[in-house]
Structures are given as structure tokens and as C-alpha cells.
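Everything below concerns the one structure shown next.
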Amino acid sequence: MTHNFTEPTTGYWQRLVEAAEVERPDPPWRFGYPARLPDGRVLMLPIRQLASEPAHAVASLILNQASLEVADALGAMLAEWLEPYAPELLVGLPTLGLALAPVVARALGHARYVPMGTSRKFWYDEALSMPVQSITSPEPGRRIYLDPNQRPLLEGKRLVLIDDAVSTGTTLQAAWDLVEALGGDVVACGVAMRQGARWAERLGAVRAVRVVGVLESPLLRSALDGWVLRE
């Protein structure tokens, strides 16, 4: 069973609402999924049908399309969860983790963060890269890079990786492997959204328990009148 429940996402990710304001709090959901935040408020996430699996869907977060108020709120909440890890430096993952990392860095009192990227500059070293693939960017051949000039900042430091979301775990695993291979000590990873549970299986138990998230986004399947939780 597939659905045609779709609408423009322009109005999504623009405000946090009280739980009592949510029109459709329980499944089946049609257009949006109400993701609850630690303070009890709700961020509505648009539901997107998967092209490769039309009977399945995900509720997505595109952080660089969110209002500054929402981005700041998510960053502040994430910083509170990460503060006990006492990171010396944050590493932002491309692409949307680069919108969240500076917010979290400021909230933790840091003056800078280290950005990773998927665009190879001519002075980059291919040895300082890893192949990546994600649920929203499934095309093969992409790699995640660290600017060689940034490498000394990582060596021997307590690091936290920052990304907007974790779903399959492939991007996070690649970045984690690369940063540790370069001498960094990854004590945690902070994300705005944890989606499903496949990422935990990929990362393994030791790393999975160090992935801190602000909100949860389940995987969904089609039902008679909308989308419900996928078992």
C-alpha cells in the first residue's frame, strides 16, 4: 500500500509547538510526524515516502532550512547533553552537521570547531578521506574529507562529532573511523535527530551508547489512512 500524502515543506522546521497544539498526535499520520523534544515541546517533521521502498517512509529534518530559532533551540539542548563529556573540540560533519556544529560550539563556550567536507580541494590528501553514503544521498562515489591543515587540531584531543541526524550510520561510521585514525579521541557524537535503529547496529554497542540525540524519528510504513510505526 502506498500513499500520496504530500505537501510543501516550506512551513516545516520553523517553530516549536506545545504538545496540546498538535492536530494529529497519534498514528496514522499523514503529512507530518510530531517529534517530542526533551522539554515537552514538539517539532513537526514532514513525512517523506522512500523512492526505493514506496510502502515505507521517514520523517525528515533539514536543518539548514529550519528557522534560526529552531536551530538555536536544538543546538542548546544538544549542548546540555554533551557538556558532561567535556569535549576539547567539536568536529562538524557535512553537510547539515555544519549548520549545527557552530551553534553547539558557542553554547559550550568554544571559539571554533573543525569542519569536515565532501568537496575535495586541490590541496587535500586522499589519505585523509573515507567513502560515505546516506539515506538522503545514496549515490556511490562520495567521500568525506578533512583538510590537512586541520589535522593537528585533532591529535590527542577529546572530540565530539556533530551531525544533524543519524539514520543508517554510514556517514558517522566513516567520520568516526577517520578521526580516530588521525589520532583524535572521539568521546561522543551529538545529533539533532536519531532516526530508526539501523545506525546502532552499524556502529556497534560501544559506539552506539555514545551517540546523543535531541529527538527521535521512527521509520514508518503505510497503513489504511496514513503512516504508522514500522515494527
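The chains in the C-alpha cells are called A, B, ... from first to last as shown; in each chain the residues are counted from 1, and the ligands are counted from 1 in the order shown.
For Thr171 of chain A, the residues within 9 Å (counting only C-alpha atoms, excluding itself and residues fewer than 4 positions away along the chain) are A:Leu93, A:Pro94, A:Met130, A:Pro131, A:Val132, A:Gln133, A:Ser134, A:Ile144, A:Val166, A:Ala175, A:Trp176.
Every protein, DNA or RNA residue with an atom at most 6 Å from segment 15-31 of chain A, where only C-alpha atoms count and chain neighbours fewer than 4 positions away do not, is listed here: Phe5, Thr6, Arg41, Val42, Leu43, Pro46, Ile47, Gly226, Trp227 and Val228 of chain A.
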Could you dump the residues just selected with C-alpha atoms as a CSV table (one decimal), in the first residue's frame?
```csv
chain,number,residue,atom,x,y,z
A,5,PHE,CA,0.0,12.3,1.3
A,6,THR,CA,2.5,15.1,0.4
A,41,ARG,CA,7.5,20.7,23.1
A,42,VAL,CA,7.1,19.2,19.6
A,43,LEU,CA,8.8,19.8,16.3
A,46,PRO,CA,7.5,16.2,7.2
A,47,ILE,CA,7.0,12.6,6.2
A,226,GLY,CA,-1.7,7.2,6.6
A,227,TRP,CA,1.6,6.2,8.1
A,228,VAL,CA,2.3,4.1,11.3
```
**Request:** If you run DSSP over the backbone, which residues in chain A end up alpha helix (DSSP H)? Put them as a ChimeraX atom specification.
**Result:** /A:68-82,97-107,151-154,170-181,198-203,205-208
Selection export as a short mmCIF file (atom, residue, chain, number, x, y, z; two decimals), in the first residue's frame, atoms kept: N, CA and C atoms:
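See part-v2.cif below for the written result:
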```
data_model
loop_
_atom_site.label_atom_id
_atom_site.label_comp_id
_atom_site.auth_asym_id
_atom_site.auth_seq_id
_atom_site.Cartn_x
_atom_site.Cartn_y
_atom_site.Cartn_z
N LEU A 68 16.07 30.03 12.47
CA LEU A 68 17.20 30.21 13.38
C LEU A 68 16.80 29.88 14.81
N GLU A 69 15.55 30.18 15.15
CA GLU A 69 15.07 29.89 16.49
C GLU A 69 15.08 28.38 16.77
N VAL A 70 14.62 27.59 15.80
CA VAL A 70 14.60 26.14 15.98
C VAL A 70 16.03 25.60 16.02
N ALA A 71 16.88 26.06 15.11
CA ALA A 71 18.28 25.59 15.10
C ALA A 71 18.97 25.92 16.42
N ASP A 72 18.74 27.12 16.93
CA ASP A 72 19.36 27.52 18.19
C ASP A 72 18.84 26.66 19.35
N ALA A 73 17.53 26.37 19.35
CA ALA A 73 16.95 25.57 20.43
C ALA A 73 17.50 24.15 20.41
N LEU A 74 17.59 23.55 19.22
CA LEU A 74 18.13 22.20 19.11
C LEU A 74 19.60 22.17 19.52
N GLY A 75 20.34 23.19 19.09
CA GLY A 75 21.76 23.26 19.45
C GLY A 75 21.97 23.41 20.95
N ALA A 76 21.14 24.23 21.59
CA ALA A 76 21.27 24.43 23.04
C ALA A 76 20.94 23.16 23.80
N MET A 77 19.88 22.46 23.38
CA MET A 77 19.52 21.20 24.03
C MET A 77 20.63 20.16 23.86
N LEU A 78 21.19 20.09 22.66
CA LEU A 78 22.25 19.13 22.40
C LEU A 78 23.49 19.46 23.23
N ALA A 79 23.80 20.74 23.37
CA ALA A 79 24.96 21.14 24.16
C ALA A 79 24.81 20.70 25.62
N GLU A 80 23.60 20.77 26.15
CA GLU A 80 23.38 20.32 27.53
C GLU A 80 23.69 18.84 27.69
N TRP A 81 23.30 18.04 26.71
CA TRP A 81 23.56 16.60 26.77
C TRP A 81 25.05 16.30 26.61
N LEU A 82 25.75 17.14 25.85
CA LEU A 82 27.17 16.87 25.56
C LEU A 82 28.13 17.44 26.60
N GLY A 97 25.42 18.84 9.29
CA GLY A 97 26.06 18.96 10.59
C GLY A 97 26.84 20.26 10.73
N LEU A 98 27.21 20.85 9.59
CA LEU A 98 27.94 22.11 9.61
C LEU A 98 27.04 23.28 9.99
N ALA A 99 25.72 23.10 9.90
CA ALA A 99 24.79 24.13 10.36
C ALA A 99 24.57 24.04 11.86
N LEU A 100 24.76 22.86 12.43
CA LEU A 100 24.52 22.64 13.86
C LEU A 100 25.77 22.83 14.70
N ALA A 101 26.93 22.45 14.17
CA ALA A 101 28.17 22.47 14.95
C ALA A 101 28.50 23.85 15.54
N PRO A 102 28.39 24.95 14.79
CA PRO A 102 28.72 26.24 15.40
C PRO A 102 27.77 26.65 16.51
N VAL A 103 26.50 26.24 16.40
CA VAL A 103 25.53 26.55 17.45
C VAL A 103 25.92 25.83 18.75
N VAL A 104 26.25 24.55 18.62
CA VAL A 104 26.63 23.76 19.79
C VAL A 104 27.96 24.27 20.36
N ALA A 105 28.89 24.60 19.47
CA ALA A 105 30.20 25.09 19.92
C ALA A 105 30.04 26.36 20.76
N ARG A 106 29.23 27.30 20.30
CA ARG A 106 29.03 28.54 21.07
C ARG A 106 28.39 28.23 22.43
N ALA A 107 27.40 27.33 22.42
CA ALA A 107 26.71 27.00 23.67
C ALA A 107 27.65 26.37 24.68
N ARG A 151 44.36 18.85 10.67
CA ARG A 151 44.74 17.61 11.35
C ARG A 151 45.41 17.85 12.71
N PRO A 152 46.35 18.78 12.85
CA PRO A 152 47.00 18.97 14.16
C PRO A 152 46.02 19.34 15.27
N LEU A 153 44.88 19.92 14.90
CA LEU A 153 43.90 20.31 15.92
C LEU A 153 43.25 19.10 16.58
N LEU A 154 43.23 17.96 15.86
CA LEU A 154 42.53 16.78 16.35
C LEU A 154 43.39 15.88 17.23
N THR A 170 26.22 5.22 8.18
CA THR A 170 27.38 5.07 7.31
C THR A 170 28.28 6.30 7.34
N THR A 171 27.68 7.49 7.29
CA THR A 171 28.49 8.72 7.33
C THR A 171 29.19 8.86 8.68
N LEU A 172 28.45 8.62 9.74
CA LEU A 172 29.03 8.74 11.07
C LEU A 172 30.15 7.73 11.28
N GLN A 173 29.95 6.52 10.83
CA GLN A 173 30.99 5.50 10.98
C GLN A 173 32.26 5.90 10.23
N ALA A 174 32.09 6.41 9.00
CA ALA A 174 33.25 6.81 8.20
C ALA A 174 34.01 7.95 8.88
N ALA A 175 33.29 8.95 9.38
CA ALA A 175 33.94 10.07 10.04
C ALA A 175 34.61 9.63 11.33
N TRP A 176 33.94 8.77 12.08
CA TRP A 176 34.48 8.27 13.35
C TRP A 176 35.79 7.51 13.10
N ASP A 177 35.76 6.63 12.10
CA ASP A 177 36.97 5.85 11.77
C ASP A 177 38.12 6.77 11.36
N LEU A 178 37.81 7.75 10.53
CA LEU A 178 38.85 8.64 10.02
C LEU A 178 39.46 9.48 11.15
N VAL A 179 38.61 10.07 11.97
CA VAL A 179 39.11 10.94 13.04
C VAL A 179 39.96 10.15 14.04
N GLU A 180 39.53 8.95 14.38
CA GLU A 180 40.34 8.14 15.31
C GLU A 180 41.65 7.68 14.67
N ALA A 181 41.61 7.41 13.36
CA ALA A 181 42.84 7.02 12.67
C ALA A 181 43.85 8.16 12.64
N ARG A 198 18.89 1.40 12.73
CA ARG A 198 19.92 0.76 11.91
C ARG A 198 21.31 1.30 12.20
N TRP A 199 21.38 2.58 12.55
CA TRP A 199 22.68 3.18 12.84
C TRP A 199 23.36 2.50 14.01
N ALA A 200 22.57 2.08 15.02
CA ALA A 200 23.16 1.45 16.20
C ALA A 200 23.77 0.10 15.84
N GLU A 201 23.12 -0.64 14.97
CA GLU A 201 23.67 -1.93 14.55
C GLU A 201 24.97 -1.74 13.79
N ARG A 202 25.02 -0.73 12.93
CA ARG A 202 26.23 -0.49 12.15
C ARG A 202 27.40 -0.03 13.02
N LEU A 203 27.12 0.87 13.95
CA LEU A 203 28.20 1.41 14.79
C LEU A 203 28.69 0.42 15.82
N ALA A 205 27.81 -1.69 19.68
CA ALA A 205 27.36 -1.30 21.00
C ALA A 205 28.25 -0.25 21.66
N VAL A 206 29.55 -0.38 21.51
CA VAL A 206 30.48 0.52 22.19
C VAL A 206 30.29 1.96 21.72
N ARG A 207 30.15 2.14 20.40
CA ARG A 207 29.97 3.49 19.88
C ARG A 207 28.52 3.97 20.01
N ALA A 208 27.58 3.08 19.84
CA ALA A 208 26.17 3.47 19.82
C ALA A 208 25.75 4.16 21.12
#
```
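Across the model, the gap from atom CA of Leu96 of chain A to atom CA of Asp164 of chain A is 5.6 Å.
Across the model, the gap from atom CA of Thr10 of chain A to atom CA of Ala51 of chain A is 20.7 Å.
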**Fill in**
Of A:Ala57, A:Ala35, A:Pro87, A:Trp13, the one sitting nearest Val160 of chain A when using only C-alpha atoms is A:Pro87
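If you look at atom CA of Leu50 of chain A and atom CA of Glu216 of chain A, they are 18.4 Å away from each other.
For the set A:Val91, A:Arg36, A:Thr168, A:Gln14, the residue with the smallest atom-to-atom gap to His110 of chain A is A:Val91, counting only C-alpha atoms.
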Using DSSP on the backbone coordinates, identify the residues of segment 37-179 of chain A assigned to strand (DSSP E or B); present them as a PDB file with N, CA and C atoms, in the first residue's frame.
```
ATOM      1  N   VAL A  42       7.095  20.125  20.802  1.00  0.00           N
ATOM      2  CA  VAL A  42       7.053  19.246  19.639  1.00  0.00           C
ATOM      3  C   VAL A  42       7.584  19.989  18.412  1.00  0.00           C
ATOM      4  N   LEU A  43       8.355  19.275  17.602  1.00  0.00           N
ATOM      5  CA  LEU A  43       8.788  19.771  16.301  1.00  0.00           C
ATOM      6  C   LEU A  43       8.162  18.868  15.245  1.00  0.00           C
ATOM      7  N   MET A  44       7.338  19.442  14.385  1.00  0.00           N
ATOM      8  CA  MET A  44       6.706  18.655  13.331  1.00  0.00           C
ATOM      9  C   MET A  44       7.712  18.395  12.208  1.00  0.00           C
ATOM     10  N   LEU A  45       7.830  17.117  11.843  1.00  0.00           N
ATOM     11  CA  LEU A  45       8.742  16.704  10.784  1.00  0.00           C
ATOM     12  C   LEU A  45       7.938  16.210   9.588  1.00  0.00           C
ATOM     13  N   PRO A  46       8.232  16.660   8.375  1.00  0.00           N
ATOM     14  CA  PRO A  46       7.498  16.181   7.205  1.00  0.00           C
ATOM     15  C   PRO A  46       7.805  14.716   6.921  1.00  0.00           C
ATOM     16  N   ILE A  47       6.784  13.986   6.551  1.00  0.00           N
ATOM     17  CA  ILE A  47       6.951  12.563   6.222  1.00  0.00           C
ATOM     18  C   ILE A  47       7.273  12.435   4.741  1.00  0.00           C
ATOM     19  N   ARG A  48       8.330  11.700   4.439  1.00  0.00           N
ATOM     20  CA  ARG A  48       8.768  11.517   3.060  1.00  0.00           C
ATOM     21  C   ARG A  48       8.738  10.033   2.705  1.00  0.00           C
ATOM     22  N   GLN A  49       8.002   9.724   1.672  1.00  0.00           N
ATOM     23  CA  GLN A  49       7.944   8.357   1.156  1.00  0.00           C
ATOM     24  C   GLN A  49       9.271   8.017   0.489  1.00  0.00           C
ATOM     25  N   HIS A  56       7.265   2.406   2.553  1.00  0.00           N
ATOM     26  CA  HIS A  56       7.946   2.884   3.748  1.00  0.00           C
ATOM     27  C   HIS A  56       8.228   4.376   3.629  1.00  0.00           C
ATOM     28  N   ALA A  57       8.415   5.017   4.765  1.00  0.00           N
ATOM     29  CA  ALA A  57       8.669   6.459   4.783  1.00  0.00           C
ATOM     30  C   ALA A  57       9.517   6.821   5.988  1.00  0.00           C
ATOM     31  N   VAL A  58      10.059   8.050   5.953  1.00  0.00           N
ATOM     32  CA  VAL A  58      10.813   8.591   7.080  1.00  0.00           C
ATOM     33  C   VAL A  58      10.301   9.999   7.362  1.00  0.00           C
ATOM     34  N   ALA A  59      10.497  10.450   8.573  1.00  0.00           N
ATOM     35  CA  ALA A  59      10.199  11.830   8.940  1.00  0.00           C
ATOM     36  C   ALA A  59      11.521  12.570   8.997  1.00  0.00           C
ATOM     37  N   LEU A  89      37.116  19.831  21.634  1.00  0.00           N
ATOM     38  CA  LEU A  89      36.887  20.330  20.279  1.00  0.00           C
ATOM     39  C   LEU A  89      35.706  19.591  19.667  1.00  0.00           C
ATOM     40  N   LEU A  90      34.942  20.300  18.835  1.00  0.00           N
ATOM     41  CA  LEU A  90      33.853  19.690  18.098  1.00  0.00           C
ATOM     42  C   LEU A  90      34.241  19.549  16.634  1.00  0.00           C
ATOM     43  N   VAL A  91      33.783  18.462  16.020  1.00  0.00           N
ATOM     44  CA  VAL A  91      34.030  18.216  14.596  1.00  0.00           C
ATOM     45  C   VAL A  91      32.683  18.149  13.894  1.00  0.00           C
ATOM     46  N   GLY A  92      32.442  19.071  12.961  1.00  0.00           N
ATOM     47  CA  GLY A  92      31.180  19.109  12.237  1.00  0.00           C
ATOM     48  C   GLY A  92      31.221  18.250  10.990  1.00  0.00           C
ATOM     49  N   VAL A 114      35.971  22.179  14.062  1.00  0.00           N
ATOM     50  CA  VAL A 114      36.638  21.687  12.859  1.00  0.00           C
ATOM     51  C   VAL A 114      35.588  21.148  11.890  1.00  0.00           C
ATOM     52  N   PRO A 115      35.507  21.700  10.676  1.00  0.00           N
ATOM     53  CA  PRO A 115      34.556  21.190   9.693  1.00  0.00           C
ATOM     54  C   PRO A 115      35.166  20.113   8.806  1.00  0.00           C
ATOM     55  N   GLY A 117      34.270  17.864   5.146  1.00  0.00           N
ATOM     56  CA  GLY A 117      33.553  18.199   3.923  1.00  0.00           C
ATOM     57  C   GLY A 117      33.514  17.055   2.938  1.00  0.00           C
ATOM     58  N   SER A 129      40.598  10.832   3.922  1.00  0.00           N
ATOM     59  CA  SER A 129      39.200  10.764   3.493  1.00  0.00           C
ATOM     60  C   SER A 129      38.676   9.351   3.669  1.00  0.00           C
ATOM     61  N   MET A 130      37.336   9.237   3.629  1.00  0.00           N
ATOM     62  CA  MET A 130      36.657   7.954   3.721  1.00  0.00           C
ATOM     63  C   MET A 130      35.431   7.981   2.803  1.00  0.00           C
ATOM     64  N   PRO A 131      35.057   6.842   2.197  1.00  0.00           N
ATOM     65  CA  PRO A 131      33.827   6.813   1.395  1.00  0.00           C
ATOM     66  C   PRO A 131      32.597   6.892   2.287  1.00  0.00           C
ATOM     67  N   ARG A 143      32.898  10.967  -0.850  1.00  0.00           N
ATOM     68  CA  ARG A 143      33.872  10.757   0.203  1.00  0.00           C
ATOM     69  C   ARG A 143      33.784  11.920   1.190  1.00  0.00           C
ATOM     70  N   ILE A 144      34.190  11.648   2.418  1.00  0.00           N
ATOM     71  CA  ILE A 144      34.255  12.688   3.435  1.00  0.00           C
ATOM     72  C   ILE A 144      35.725  13.007   3.681  1.00  0.00           C
ATOM     73  N   TYR A 145      36.046  14.306   3.711  1.00  0.00           N
ATOM     74  CA  TYR A 145      37.438  14.749   3.774  1.00  0.00           C
ATOM     75  C   TYR A 145      37.703  15.597   5.017  1.00  0.00           C
ATOM     76  N   ARG A 158      40.105  15.345  23.089  1.00  0.00           N
ATOM     77  CA  ARG A 158      38.781  14.781  23.355  1.00  0.00           C
ATOM     78  C   ARG A 158      37.795  15.448  22.396  1.00  0.00           C
ATOM     79  N   LEU A 159      37.236  14.659  21.488  1.00  0.00           N
ATOM     80  CA  LEU A 159      36.433  15.204  20.402  1.00  0.00           C
ATOM     81  C   LEU A 159      34.989  14.728  20.479  1.00  0.00           C
ATOM     82  N   VAL A 160      34.084  15.583  20.005  1.00  0.00           N
ATOM     83  CA  VAL A 160      32.691  15.195  19.796  1.00  0.00           C
ATOM     84  C   VAL A 160      32.349  15.471  18.341  1.00  0.00           C
ATOM     85  N   LEU A 161      31.821  14.465  17.664  1.00  0.00           N
ATOM     86  CA  LEU A 161      31.347  14.640  16.297  1.00  0.00           C
ATOM     87  C   LEU A 161      29.939  15.212  16.331  1.00  0.00           C
ATOM     88  N   ILE A 162      29.633  16.138  15.416  1.00  0.00           N
ATOM     89  CA  ILE A 162      28.321  16.767  15.359  1.00  0.00           C
ATOM     90  C   ILE A 162      27.719  16.575  13.974  1.00  0.00           C
ATOM     91  N   ASP A 163      26.496  16.050  13.938  1.00  0.00           N
ATOM     92  CA  ASP A 163      25.770  15.935  12.671  1.00  0.00           C
ATOM     93  C   ASP A 163      24.316  16.280  12.925  1.00  0.00           C
ATOM     94  N   ASP A 164      23.580  16.554  11.856  1.00  0.00           N
ATOM     95  CA  ASP A 164      22.166  16.899  12.039  1.00  0.00           C
ATOM     96  C   ASP A 164      21.353  15.672  12.402  1.00  0.00           C
ATOM     97  N   ALA A 165      21.693  14.525  11.792  1.00  0.00           N
ATOM     98  CA  ALA A 165      20.915  13.312  12.020  1.00  0.00           C
ATOM     99  C   ALA A 165      21.783  12.086  11.806  1.00  0.00           C
ATOM    100  N   VAL A 166      21.355  10.979  12.400  1.00  0.00           N
ATOM    101  CA  VAL A 166      21.974   9.695  12.124  1.00  0.00           C
ATOM    102  C   VAL A 166      20.861   8.727  11.756  1.00  0.00           C
TER     103      VAL A 166
END
```
**Asked** Taking only C-alpha atoms into account, which of A:Asp39, A:Cys189, A:Thr118, A:Leu224 comes nearest Val209 of chain A?
**Response** A:Cys189
